[in-house]
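Content type PDB, C-alpha atoms and all ligand atoms, from the file protein.pdb:
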```pdb
ATOM      1  CA  MET A 272      13.782  11.775 -10.917  1.00  0.00           C
ATOM      2  CA  ASP A 273      13.394   9.240  -8.139  1.00  0.00           C
ATOM      3  CA  TYR A 274      10.021   7.598  -7.480  1.00  0.00           C
ATOM      4  CA  PHE A 275       8.842   5.080  -4.881  1.00  0.00           C
ATOM      5  CA  ASP A 276       5.900   2.786  -5.623  1.00  0.00           C
ATOM      6  CA  SER A 277       4.567   2.297  -2.103  1.00  0.00           C
ATOM      7  CA  HIS A 278       2.176  -0.561  -2.991  1.00  0.00           C
ATOM      8  CA  CYS A 279       2.496  -3.149  -5.752  1.00  0.00           C
ATOM      9  CA  HIS A 280       1.941  -6.891  -6.133  1.00  0.00           C
ATOM     10  CA  LEU A 281       4.946  -8.116  -8.063  1.00  0.00           C
ATOM     11  CA  ASP A 282       5.146 -11.770  -7.244  1.00  0.00           C
ATOM     12  CA  PRO A 283       6.045 -14.216 -10.006  1.00  0.00           C
ATOM     13  CA  MET A 284       2.554 -15.743  -9.768  1.00  0.00           C
ATOM     14  CA  ARG A 285       1.122 -12.538 -11.224  1.00  0.00           C
ATOM     15  CA  TYR A 286       3.819 -11.546 -13.735  1.00  0.00           C
ATOM     16  CA  GLY A 287       5.595 -14.818 -14.525  1.00  0.00           C
ATOM     17  CA  GLU A 288       8.533 -14.423 -16.843  1.00  0.00           C
ATOM     18  CA  ASP A 289       7.701 -10.742 -17.515  1.00  0.00           C
ATOM     19  CA  LEU A 290       8.983  -9.788 -14.063  1.00  0.00           C
ATOM     20  CA  PRO A 291      12.588  -8.896 -15.057  1.00  0.00           C
ATOM     21  CA  ASP A 292      11.268  -6.621 -17.850  1.00  0.00           C
ATOM     22  CA  ILE A 293       8.748  -5.044 -15.465  1.00  0.00           C
ATOM     23  CA  LEU A 294      11.524  -4.194 -12.999  1.00  0.00           C
ATOM     24  CA  ALA A 295      13.776  -2.889 -15.788  1.00  0.00           C
ATOM     25  CA  ARG A 296      11.030  -0.636 -17.159  1.00  0.00           C
ATOM     26  CA  ALA A 297      10.312   0.717 -13.656  1.00  0.00           C
ATOM     27  CA  ARG A 298      13.972   1.541 -13.036  1.00  0.00           C
ATOM     28  CA  ALA A 299      14.327   3.075 -16.518  1.00  0.00           C
ATOM     29  CA  VAL A 300      11.750   5.751 -15.640  1.00  0.00           C
ATOM     30  CA  GLY A 301      13.174   6.321 -12.139  1.00  0.00           C
ATOM     31  CA  VAL A 302      10.981   4.094  -9.978  1.00  0.00           C
ATOM     32  CA  SER A 303      13.855   2.927  -7.796  1.00  0.00           C
ATOM     33  CA  GLY A 304      11.882   1.911  -4.709  1.00  0.00           C
ATOM     34  CA  MET A 305       8.961  -0.505  -4.581  1.00  0.00           C
ATOM     35  CA  THR A 306       7.085  -2.066  -1.672  1.00  0.00           C
ATOM     36  CA  VAL A 307       5.942  -5.510  -2.766  1.00  0.00           C
ATOM     37  CA  ILE A 308       2.761  -6.428  -0.918  1.00  0.00           C
ATOM     38  CA  GLY A 309       1.508  -9.860   0.092  1.00  0.00           C
ATOM     39  CA  THR A 310      -2.140 -10.906   0.117  1.00  0.00           C
ATOM     40  CA  ARG A 311      -1.689 -14.573   1.173  1.00  0.00           C
ATOM     41  CA  ALA A 312       1.137 -16.641   2.669  1.00  0.00           C
ATOM     42  CA  ALA A 313       2.544 -17.692  -0.709  1.00  0.00           C
ATOM     43  CA  ASP A 314       2.808 -14.247  -2.299  1.00  0.00           C
ATOM     44  CA  SER A 315       4.097 -12.772   0.984  1.00  0.00           C
ATOM     45  CA  GLU A 316       6.912 -15.355   0.960  1.00  0.00           C
ATOM     46  CA  ALA A 317       7.540 -14.624  -2.717  1.00  0.00           C
ATOM     47  CA  ALA A 318       7.653 -10.872  -1.977  1.00  0.00           C
ATOM     48  CA  ALA A 319      10.288 -11.439   0.724  1.00  0.00           C
ATOM     49  CA  GLU A 320      12.296 -13.625  -1.636  1.00  0.00           C
ATOM     50  CA  LEU A 321      12.151 -11.015  -4.409  1.00  0.00           C
ATOM     51  CA  ALA A 322      13.074  -8.180  -2.046  1.00  0.00           C
ATOM     52  CA  SER A 323      16.078 -10.143  -0.759  1.00  0.00           C
ATOM     53  CA  ARG A 324      17.651 -10.274  -4.220  1.00  0.00           C
ATOM     54  CA  GLU A 325      16.451  -7.081  -5.925  1.00  0.00           C
ATOM     55  CA  PRO A 326      17.898  -3.726  -4.842  1.00  0.00           C
ATOM     56  CA  GLY A 327      15.348  -1.095  -3.878  1.00  0.00           C
ATOM     57  CA  LEU A 328      12.545  -3.591  -3.245  1.00  0.00           C
ATOM     58  CA  ILE A 329      11.061  -4.197   0.158  1.00  0.00           C
ATOM     59  CA  ALA A 330       8.396  -6.685   1.192  1.00  0.00           C
ATOM     60  CA  ALA A 331       5.182  -6.598   3.211  1.00  0.00           C
ATOM     61  CA  ALA A 332       3.506  -9.743   4.535  1.00  0.00           C
ATOM     62  CA  GLY A 333      -0.177 -10.182   5.260  1.00  0.00           C
ATOM     63  CA  ILE A 334      -3.537 -11.645   4.320  1.00  0.00           C
ATOM     64  CA  HIS A 335      -5.944  -9.518   2.294  1.00  0.00           C
ATOM     65  CA  PRO A 336      -9.365  -8.947   3.900  1.00  0.00           C
ATOM     66  CA  ASN A 337     -11.087 -10.458   0.853  1.00  0.00           C
ATOM     67  CA  ASP A 338      -9.156 -13.698   1.386  1.00  0.00           C
ATOM     68  CA  VAL A 339      -9.361 -14.216   5.147  1.00  0.00           C
ATOM     69  CA  ALA A 340     -12.299 -16.662   4.977  1.00  0.00           C
ATOM     70  CA  GLU A 341     -10.637 -19.004   2.503  1.00  0.00           C
ATOM     71  CA  ILE A 342      -7.036 -19.308   3.683  1.00  0.00           C
ATOM     72  CA  ASP A 343      -5.418 -22.650   4.455  1.00  0.00           C
ATOM     73  CA  ALA A 344      -5.063 -23.644   8.101  1.00  0.00           C
ATOM     74  CA  ASP A 345      -1.310 -22.957   8.186  1.00  0.00           C
ATOM     75  CA  GLU A 346      -1.282 -19.593   6.415  1.00  0.00           C
ATOM     76  CA  TRP A 347      -1.410 -17.336   9.457  1.00  0.00           C
ATOM     77  CA  ASP A 348       1.441 -19.320  11.027  1.00  0.00           C
ATOM     78  CA  ARG A 349       3.461 -18.923   7.821  1.00  0.00           C
ATOM     79  CA  ILE A 350       2.888 -15.150   7.923  1.00  0.00           C
ATOM     80  CA  THR A 351       3.913 -15.091  11.597  1.00  0.00           C
ATOM     81  CA  ARG A 352       7.105 -17.054  10.881  1.00  0.00           C
ATOM     82  CA  LEU A 353       7.984 -14.895   7.878  1.00  0.00           C
ATOM     83  CA  VAL A 354       7.539 -11.697   9.858  1.00  0.00           C
ATOM     84  CA  ALA A 355       9.587 -13.101  12.764  1.00  0.00           C
ATOM     85  CA  SER A 356      12.409 -13.901  10.334  1.00  0.00           C
ATOM     86  CA  GLY A 357      12.982 -10.171   9.837  1.00  0.00           C
ATOM     87  CA  ARG A 358      12.671 -10.408   6.048  1.00  0.00           C
ATOM     88  CA  VAL A 359       9.727  -8.031   5.676  1.00  0.00           C
ATOM     89  CA  ALA A 360       9.602  -4.299   6.355  1.00  0.00           C
ATOM     90  CA  ALA A 361       5.837  -3.941   6.747  1.00  0.00           C
ATOM     91  CA  ILE A 362       2.687  -5.835   7.717  1.00  0.00           C
ATOM     92  CA  GLY A 363      -0.153  -6.117   5.183  1.00  0.00           C
ATOM     93  CA  GLU A 364      -2.100  -5.818   3.291  1.00  0.00           C
ATOM     94  CA  THR A 365      -4.839  -6.067   5.816  1.00  0.00           C
ATOM     95  CA  GLY A 366      -7.949  -4.072   6.638  1.00  0.00           C
ATOM     96  CA  LEU A 367     -11.673  -4.203   5.976  1.00  0.00           C
ATOM     97  CA  ASP A 368     -13.548  -4.441   2.674  1.00  0.00           C
ATOM     98  CA  TRP A 369     -17.219  -3.521   2.982  1.00  0.00           C
ATOM     99  CA  TYR A 370     -17.508  -3.212  -0.818  1.00  0.00           C
ATOM    100  CA  ARG A 371     -16.892  -6.782  -1.921  1.00  0.00           C
ATOM    101  CA  GLN A 372     -17.678  -8.400   1.463  1.00  0.00           C
ATOM    102  CA  GLU A 373     -16.065 -11.662   0.398  1.00  0.00           C
ATOM    103  CA  ALA A 374     -15.499 -12.608   4.021  1.00  0.00           C
ATOM    104  CA  PRO A 375     -17.852 -12.093   6.976  1.00  0.00           C
ATOM    105  CA  GLN A 376     -17.266  -8.792   8.771  1.00  0.00           C
ATOM    106  CA  GLU A 377     -16.282 -10.460  12.080  1.00  0.00           C
ATOM    107  CA  VAL A 378     -13.631 -12.551  10.346  1.00  0.00           C
ATOM    108  CA  GLN A 379     -12.235  -9.461   8.615  1.00  0.00           C
ATOM    109  CA  ARG A 380     -12.154  -7.577  11.915  1.00  0.00           C
ATOM    110  CA  ASP A 381     -10.442 -10.499  13.661  1.00  0.00           C
ATOM    111  CA  PHE A 382      -7.669 -10.659  11.040  1.00  0.00           C
ATOM    112  CA  PHE A 383      -7.275  -6.874  10.886  1.00  0.00           C
ATOM    113  CA  ASP A 384      -6.824  -6.906  14.664  1.00  0.00           C
ATOM    114  CA  ARG A 385      -4.203  -9.691  14.423  1.00  0.00           C
ATOM    115  CA  HIS A 386      -2.226  -7.722  11.814  1.00  0.00           C
ATOM    116  CA  ILE A 387      -2.476  -4.536  13.893  1.00  0.00           C
ATOM    117  CA  ARG A 388      -1.111  -6.316  16.993  1.00  0.00           C
ATOM    118  CA  MET A 389       1.665  -7.901  14.953  1.00  0.00           C
ATOM    119  CA  ALA A 390       2.684  -4.502  13.541  1.00  0.00           C
ATOM    120  CA  GLN A 391       2.707  -3.005  17.019  1.00  0.00           C
ATOM    121  CA  LYS A 392       4.661  -5.896  18.525  1.00  0.00           C
ATOM    122  CA  LEU A 393       7.380  -5.670  15.872  1.00  0.00           C
ATOM    123  CA  ALA A 394       7.208  -1.877  15.404  1.00  0.00           C
ATOM    124  CA  LEU A 395       6.562  -2.275  11.671  1.00  0.00           C
ATOM    125  CA  PRO A 396       4.322  -0.081   9.509  1.00  0.00           C
ATOM    126  CA  LEU A 397       0.853  -1.442   8.711  1.00  0.00           C
ATOM    127  CA  VAL A 398      -0.563  -1.410   5.147  1.00  0.00           C
ATOM    128  CA  VAL A 399      -4.335  -0.951   5.268  1.00  0.00           C
ATOM    129  CA  HIS A 400      -6.979  -1.714   2.632  1.00  0.00           C
ATOM    130  CA  SER A 401     -10.054   0.355   3.500  1.00  0.00           C
ATOM    131  CA  ARG A 402     -12.566  -0.043   0.687  1.00  0.00           C
ATOM    132  CA  ASN A 403     -15.905   1.506   1.716  1.00  0.00           C
ATOM    133  CA  SER A 404     -14.707   1.015   5.295  1.00  0.00           C
ATOM    134  CA  THR A 405     -12.435   3.974   6.042  1.00  0.00           C
ATOM    135  CA  SER A 406     -14.230   5.110   9.172  1.00  0.00           C
ATOM    136  CA  ASP A 407     -14.347   1.579  10.644  1.00  0.00           C
ATOM    137  CA  CYS A 408     -10.644   1.094   9.835  1.00  0.00           C
ATOM    138  CA  LEU A 409      -9.829   4.410  11.505  1.00  0.00           C
ATOM    139  CA  SER A 410     -11.803   3.410  14.609  1.00  0.00           C
ATOM    140  CA  MET A 411      -9.815   0.190  14.963  1.00  0.00           C
ATOM    141  CA  LEU A 412      -6.538   2.038  14.377  1.00  0.00           C
ATOM    142  CA  ARG A 413      -7.474   4.710  16.900  1.00  0.00           C
ATOM    143  CA  GLU A 414      -8.313   2.026  19.474  1.00  0.00           C
ATOM    144  CA  ALA A 415      -4.985   0.266  18.835  1.00  0.00           C
ATOM    145  CA  MET A 416      -3.086   3.533  19.244  1.00  0.00           C
ATOM    146  CA  VAL A 417      -4.371   3.780  22.789  1.00  0.00           C
ATOM    147  CA  ARG A 418      -2.458   0.550  23.519  1.00  0.00           C
ATOM    148  CA  GLY A 419       0.779   1.705  21.897  1.00  0.00           C
ATOM    149  CA  PRO A 420       2.459   3.321  18.909  1.00  0.00           C
ATOM    150  CA  LEU A 421       1.360   2.337  15.399  1.00  0.00           C
ATOM    151  CA  VAL A 422       2.099   3.775  11.972  1.00  0.00           C
ATOM    152  CA  ALA A 423      -0.319   2.883   9.186  1.00  0.00           C
ATOM    153  CA  VAL A 424      -0.763   3.603   5.485  1.00  0.00           C
ATOM    154  CA  LEU A 425      -4.268   3.877   4.101  1.00  0.00           C
ATOM    155  CA  HIS A 426      -3.435   2.532   0.662  1.00  0.00           C
ATOM    156  CA  SER A 427      -5.330   3.300  -2.559  1.00  0.00           C
ATOM    157  CA  PHE A 428      -7.273   5.873  -0.591  1.00  0.00           C
ATOM    158  CA  THR A 429     -10.820   6.611  -1.773  1.00  0.00           C
ATOM    159  CA  GLY A 430     -12.325   8.074   1.397  1.00  0.00           C
ATOM    160  CA  THR A 431     -13.624  11.571   2.026  1.00  0.00           C
ATOM    161  CA  ALA A 432     -11.710  14.727   2.935  1.00  0.00           C
ATOM    162  CA  ALA A 433     -12.943  14.409   6.530  1.00  0.00           C
ATOM    163  CA  GLU A 434     -11.686  10.816   6.725  1.00  0.00           C
ATOM    164  CA  ALA A 435      -8.329  11.857   5.258  1.00  0.00           C
ATOM    165  CA  ALA A 436      -8.074  14.608   7.864  1.00  0.00           C
ATOM    166  CA  GLU A 437      -8.850  12.122  10.630  1.00  0.00           C
ATOM    167  CA  ALA A 438      -6.215   9.715   9.265  1.00  0.00           C
ATOM    168  CA  VAL A 439      -3.636  12.503   9.205  1.00  0.00           C
ATOM    169  CA  GLU A 440      -4.545  13.443  12.765  1.00  0.00           C
ATOM    170  CA  LEU A 441      -3.808   9.807  13.728  1.00  0.00           C
ATOM    171  CA  GLY A 442      -0.410  10.073  12.020  1.00  0.00           C
ATOM    172  CA  CYS A 443      -1.369   7.801   9.113  1.00  0.00           C
ATOM    173  CA  MET A 444       0.158   8.043   5.665  1.00  0.00           C
ATOM    174  CA  ILE A 445      -2.249   8.234   2.720  1.00  0.00           C
ATOM    175  CA  GLY A 446      -1.489   6.471  -0.555  1.00  0.00           C
ATOM    176  CA  PHE A 447      -3.050   7.450  -3.870  1.00  0.00           C
ATOM    177  CA  ALA A 448      -3.237   4.981  -6.756  1.00  0.00           C
ATOM    178  CA  GLY A 449      -4.324   5.188 -10.418  1.00  0.00           C
ATOM    179  CA  MET A 450      -7.919   5.939  -9.479  1.00  0.00           C
ATOM    180  CA  VAL A 451      -6.944   9.523  -8.641  1.00  0.00           C
ATOM    181  CA  THR A 452      -6.066  10.127 -12.318  1.00  0.00           C
ATOM    182  CA  PHE A 453      -9.487   9.138 -13.683  1.00  0.00           C
ATOM    183  CA  ARG A 454     -11.549  11.914 -15.203  1.00  0.00           C
ATOM    184  CA  SER A 455     -14.446  10.997 -12.899  1.00  0.00           C
ATOM    185  CA  SER A 456     -12.249  11.354  -9.782  1.00  0.00           C
ATOM    186  CA  ALA A 457     -12.374  15.137  -9.309  1.00  0.00           C
ATOM    187  CA  ALA A 458     -13.560  14.731  -5.707  1.00  0.00           C
ATOM    188  CA  LEU A 459     -10.701  12.350  -4.890  1.00  0.00           C
ATOM    189  CA  ARG A 460      -8.201  14.837  -6.381  1.00  0.00           C
ATOM    190  CA  GLU A 461      -9.609  17.485  -4.040  1.00  0.00           C
ATOM    191  CA  VAL A 462      -8.944  15.095  -1.145  1.00  0.00           C
ATOM    192  CA  ALA A 463      -5.373  14.544  -2.385  1.00  0.00           C
ATOM    193  CA  ILE A 464      -4.780  18.289  -2.645  1.00  0.00           C
ATOM    194  CA  ALA A 465      -5.661  18.707   1.022  1.00  0.00           C
ATOM    195  CA  VAL A 466      -3.338  15.976   2.361  1.00  0.00           C
ATOM    196  CA  PRO A 467      -0.245  17.525   4.000  1.00  0.00           C
ATOM    197  CA  ALA A 468       2.891  16.823   1.947  1.00  0.00           C
ATOM    198  CA  ASP A 469       4.563  14.788   4.679  1.00  0.00           C
ATOM    199  CA  HIS A 470       1.640  12.303   4.750  1.00  0.00           C
ATOM    200  CA  LEU A 471       1.427  11.705   0.996  1.00  0.00           C
ATOM    201  CA  LEU A 472       2.381   8.471  -0.794  1.00  0.00           C
ATOM    202  CA  ILE A 473       1.878   7.309  -4.377  1.00  0.00           C
ATOM    203  CA  GLU A 474       1.424   3.747  -5.571  1.00  0.00           C
ATOM    204  CA  THR A 475       0.355   1.698  -8.560  1.00  0.00           C
ATOM    205  CA  ASP A 476      -1.333  -1.252  -6.774  1.00  0.00           C
ATOM    206  CA  SER A 477      -0.019  -3.213  -9.781  1.00  0.00           C
ATOM    207  CA  PRO A 478      -1.282  -5.265 -11.525  1.00  0.00           C
ATOM    208  CA  PHE A 479      -4.641  -3.553 -10.888  1.00  0.00           C
ATOM    209  CA  LEU A 480      -6.122  -0.255 -12.099  1.00  0.00           C
ATOM    210  CA  SER A 481      -3.647   1.411 -14.444  1.00  0.00           C
ATOM    211  CA  PRO A 482      -3.705   5.225 -14.317  1.00  0.00           C
ATOM    212  CA  GLU A 483      -4.797   7.413 -17.207  1.00  0.00           C
ATOM    213  CA  PRO A 484      -3.768   7.392 -20.045  1.00  0.00           C
ATOM    214  CA  LEU A 485      -3.063   3.653 -19.711  1.00  0.00           C
ATOM    215  CA  ARG A 486      -6.383   2.680 -18.189  1.00  0.00           C
ATOM    216  CA  GLY A 487      -7.453  -0.868 -19.084  1.00  0.00           C
ATOM    217  CA  ARG A 488      -3.886  -2.187 -19.496  1.00  0.00           C
ATOM    218  CA  ARG A 489      -2.176  -4.425 -16.960  1.00  0.00           C
ATOM    219  CA  ASN A 490      -0.597  -2.080 -14.454  1.00  0.00           C
ATOM    220  CA  GLU A 491       3.096  -2.061 -13.531  1.00  0.00           C
ATOM    221  CA  PRO A 492       5.327   0.177 -11.377  1.00  0.00           C
ATOM    222  CA  ALA A 493       6.631   2.149 -14.387  1.00  0.00           C
ATOM    223  CA  HIS A 494       3.116   3.599 -14.710  1.00  0.00           C
ATOM    224  CA  LEU A 495       3.591   5.393 -11.381  1.00  0.00           C
ATOM    225  CA  VAL A 496       4.893   8.455 -13.223  1.00  0.00           C
ATOM    226  CA  HIS A 497       1.391   9.175 -14.571  1.00  0.00           C
ATOM    227  CA  THR A 498      -0.101   9.212 -11.090  1.00  0.00           C
ATOM    228  CA  ALA A 499       2.753  11.419  -9.863  1.00  0.00           C
ATOM    229  CA  ARG A 500       2.204  13.874 -12.736  1.00  0.00           C
ATOM    230  CA  CYS A 501      -1.542  14.025 -12.100  1.00  0.00           C
ATOM    231  CA  LEU A 502      -1.036  14.680  -8.387  1.00  0.00           C
ATOM    232  CA  ALA A 503       1.658  17.291  -9.043  1.00  0.00           C
ATOM    233  CA  ILE A 504      -0.662  19.192 -11.405  1.00  0.00           C
ATOM    234  CA  ALA A 505      -3.593  18.952  -8.981  1.00  0.00           C
ATOM    235  CA  ARG A 506      -1.466  20.175  -6.077  1.00  0.00           C
ATOM    236  CA  GLY A 507       0.117  22.945  -8.138  1.00  0.00           C
ATOM    237  CA  GLU A 508       3.650  21.731  -7.595  1.00  0.00           C
ATOM    238  CA  SER A 509       6.425  20.518  -9.857  1.00  0.00           C
ATOM    239  CA  LEU A 510       6.750  16.865 -10.757  1.00  0.00           C
ATOM    240  CA  GLU A 511      10.233  16.969  -9.183  1.00  0.00           C
ATOM    241  CA  LYS A 512       8.782  18.123  -5.888  1.00  0.00           C
ATOM    242  CA  CYS A 513       5.968  15.541  -5.926  1.00  0.00           C
ATOM    243  CA  ALA A 514       8.433  12.723  -6.684  1.00  0.00           C
ATOM    244  CA  ALA A 515      10.950  13.894  -4.083  1.00  0.00           C
ATOM    245  CA  THR A 516       8.343  14.325  -1.340  1.00  0.00           C
ATOM    246  CA  THR A 517       6.565  11.009  -1.851  1.00  0.00           C
ATOM    247  CA  THR A 518       9.848   9.119  -2.195  1.00  0.00           C
ATOM    248  CA  ALA A 519      11.254  10.640   0.996  1.00  0.00           C
ATOM    249  CA  ASN A 520       8.000   9.787   2.801  1.00  0.00           C
ATOM    250  CA  ALA A 521       8.101   6.157   1.624  1.00  0.00           C
ATOM    251  CA  ARG A 522      11.748   5.776   2.623  1.00  0.00           C
ATOM    252  CA  ARG A 523      11.070   7.272   6.053  1.00  0.00           C
ATOM    253  CA  LEU A 524       8.143   4.910   6.548  1.00  0.00           C
ATOM    254  CA  PHE A 525       9.468   1.613   5.197  1.00  0.00           C
ATOM    255  CA  LEU A 526      13.224   1.879   5.682  1.00  0.00           C
ATOM    256  CA  ARG A 527      13.482   3.294   9.157  1.00  0.00           C
ATOM    257  CA  ARG A 528      15.313   0.369  10.699  1.00  0.00           C
TER     258      ARG A 528
HETATM  259 ZN    ZN A 601      -2.998  -4.169  -2.947  1.00  0.00          ZN
END
```
Go ahead and express the file in the form of structure tokens.
Amino acid sequence: MDYFDSHCHLDPMRYGEDLPDILARARAVGVSGMTVIGTRAADSEAAAELASREPGLIAAAGIHPNDVAEIDADEWDRITRLVASGRVAAIGETGLDWYRQEAPQEVQRDFFDRHIRMAQKLALPLVVHSRNSTSDCLSMLREAMVRGPLVAVLHSFTGTAAEAAEAVELGCMIGFAGMVTFRSSAALREVAIAVPADHLLIETDSPFLSPEPLRGRRNEPAHLVHTARCLAIARGESLEKCAATTTANARRLFLRR
């Protein structure tokens, strides 16, 4: 079995000396591909560094919408330089967070727009955080797509079926994380069932939100298999098919150059 964790935060700042064991455990259960996501300049640089020496890992660089109001003056320039160096395969994570609202909405929109333009300029996929903001994120993506091509992932998707359908219509990929396995997430599983197979991604969003039955523990990419199993059961397909489809989708998206 071959799995691809399309969204995880694996920088040494979060896992310290456990990182080699985390990677070994992921590979032992078949998680051979991982997209390591940045949320600030430092962890984006660390993601690129890690991806340059670890097979199967790729890096994304960006500034998380919850952090855009508190970044250092040079951080956007560092992201720009890193992306220009060709060492990352995606832009993000970026987006809008109307749930935590840690940064003013205009600042979040400004940074989301900068990431969108960067992704379009370099023809890289965009990793989007859309907590309680899916329709506003989709509006900005739709507007950008009038200017030129753009491929985006709505990661850790928690929107409605109608929003998922709109995202698919825009050509977006939709990533499901551990939340979809929770007993209380029946509605989200219904959304996941309706997503066309070629738009489906799975992710852990490590170190956050472990899937059932590991809820409450620090998350890591090896736990992806639980999310894959849950989605396979919900969609009435084999685990092999779910793993193969989502892995092929992630490779097509992140490794197209
Ligand atoms: Zn994330």
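Comparing A:Arg522, A:Arg527, A:Arg349, A:Arg460 by their smallest distance to Met305 (chain A), the closest is A:Arg522 (using only C-alpha atoms).
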Do you know which residues the PyMOL selection byres (((chain A and resi 515) around 12) and not hetatm) returns on this file, as a short mmCIF file (atom, residue, chain, number, x, y, z; two decimals) with C-alpha atoms, in the frame of the given file?
```cif
data_model
loop_
_atom_site.label_atom_id
_atom_site.label_comp_id
_atom_site.auth_asym_id
_atom_site.auth_seq_id
_atom_site.Cartn_x
_atom_site.Cartn_y
_atom_site.Cartn_z
CA MET A 272 13.78 11.78 -10.92
CA ASP A 273 13.39 9.24 -8.14
CA TYR A 274 10.02 7.60 -7.48
CA PHE A 275 8.84 5.08 -4.88
CA GLY A 301 13.17 6.32 -12.14
CA VAL A 302 10.98 4.09 -9.98
CA SER A 303 13.86 2.93 -7.80
CA ALA A 468 2.89 16.82 1.95
CA ASP A 469 4.56 14.79 4.68
CA LEU A 471 1.43 11.70 1.00
CA LEU A 472 2.38 8.47 -0.79
CA ILE A 473 1.88 7.31 -4.38
CA ALA A 499 2.75 11.42 -9.86
CA ALA A 503 1.66 17.29 -9.04
CA GLU A 508 3.65 21.73 -7.60
CA SER A 509 6.42 20.52 -9.86
CA LEU A 510 6.75 16.86 -10.76
CA GLU A 511 10.23 16.97 -9.18
CA LYS A 512 8.78 18.12 -5.89
CA CYS A 513 5.97 15.54 -5.93
CA ALA A 514 8.43 12.72 -6.68
CA THR A 516 8.34 14.32 -1.34
CA THR A 517 6.56 11.01 -1.85
CA THR A 518 9.85 9.12 -2.19
CA ALA A 519 11.25 10.64 1.00
CA ASN A 520 8.00 9.79 2.80
CA ALA A 521 8.10 6.16 1.62
CA ARG A 522 11.75 5.78 2.62
#
```
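You can rank A:Gln379, A:Thr351, A:Thr365, A:Ser455 by their closest distance to ligand ZN 601 (chain A) using all atoms listed in the file, and at the top of that list sits A:Thr365.
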Show me the residues close to (6.8, -5.2, 17.0) - anything with an atom within 12 Å, counting all atoms listed in the file - and format the list as a ChimeraX atom specification. /A:351,354-355,357,360-362,386-397,419-422,528
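When the PyMOL selection byres (((not hetatm)) within 8 of (chain A and resi 601)) is run on the displayed coordinates, the residues it returns are His278, Cys279, His280, Ile308, Gly309, Thr310, Glu364, His400, His426, Ser427, Asp476 and Ser477 of chain A.
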Report as number ranges by chain the residues that result from applying the PyMOL selection byres (((chain A and resi 282-299) around 12) and not hetatm) to the structure here. A: 272-276, 279-281, 300-322, 325-328, 330-331, 475, 477-479, 489-496
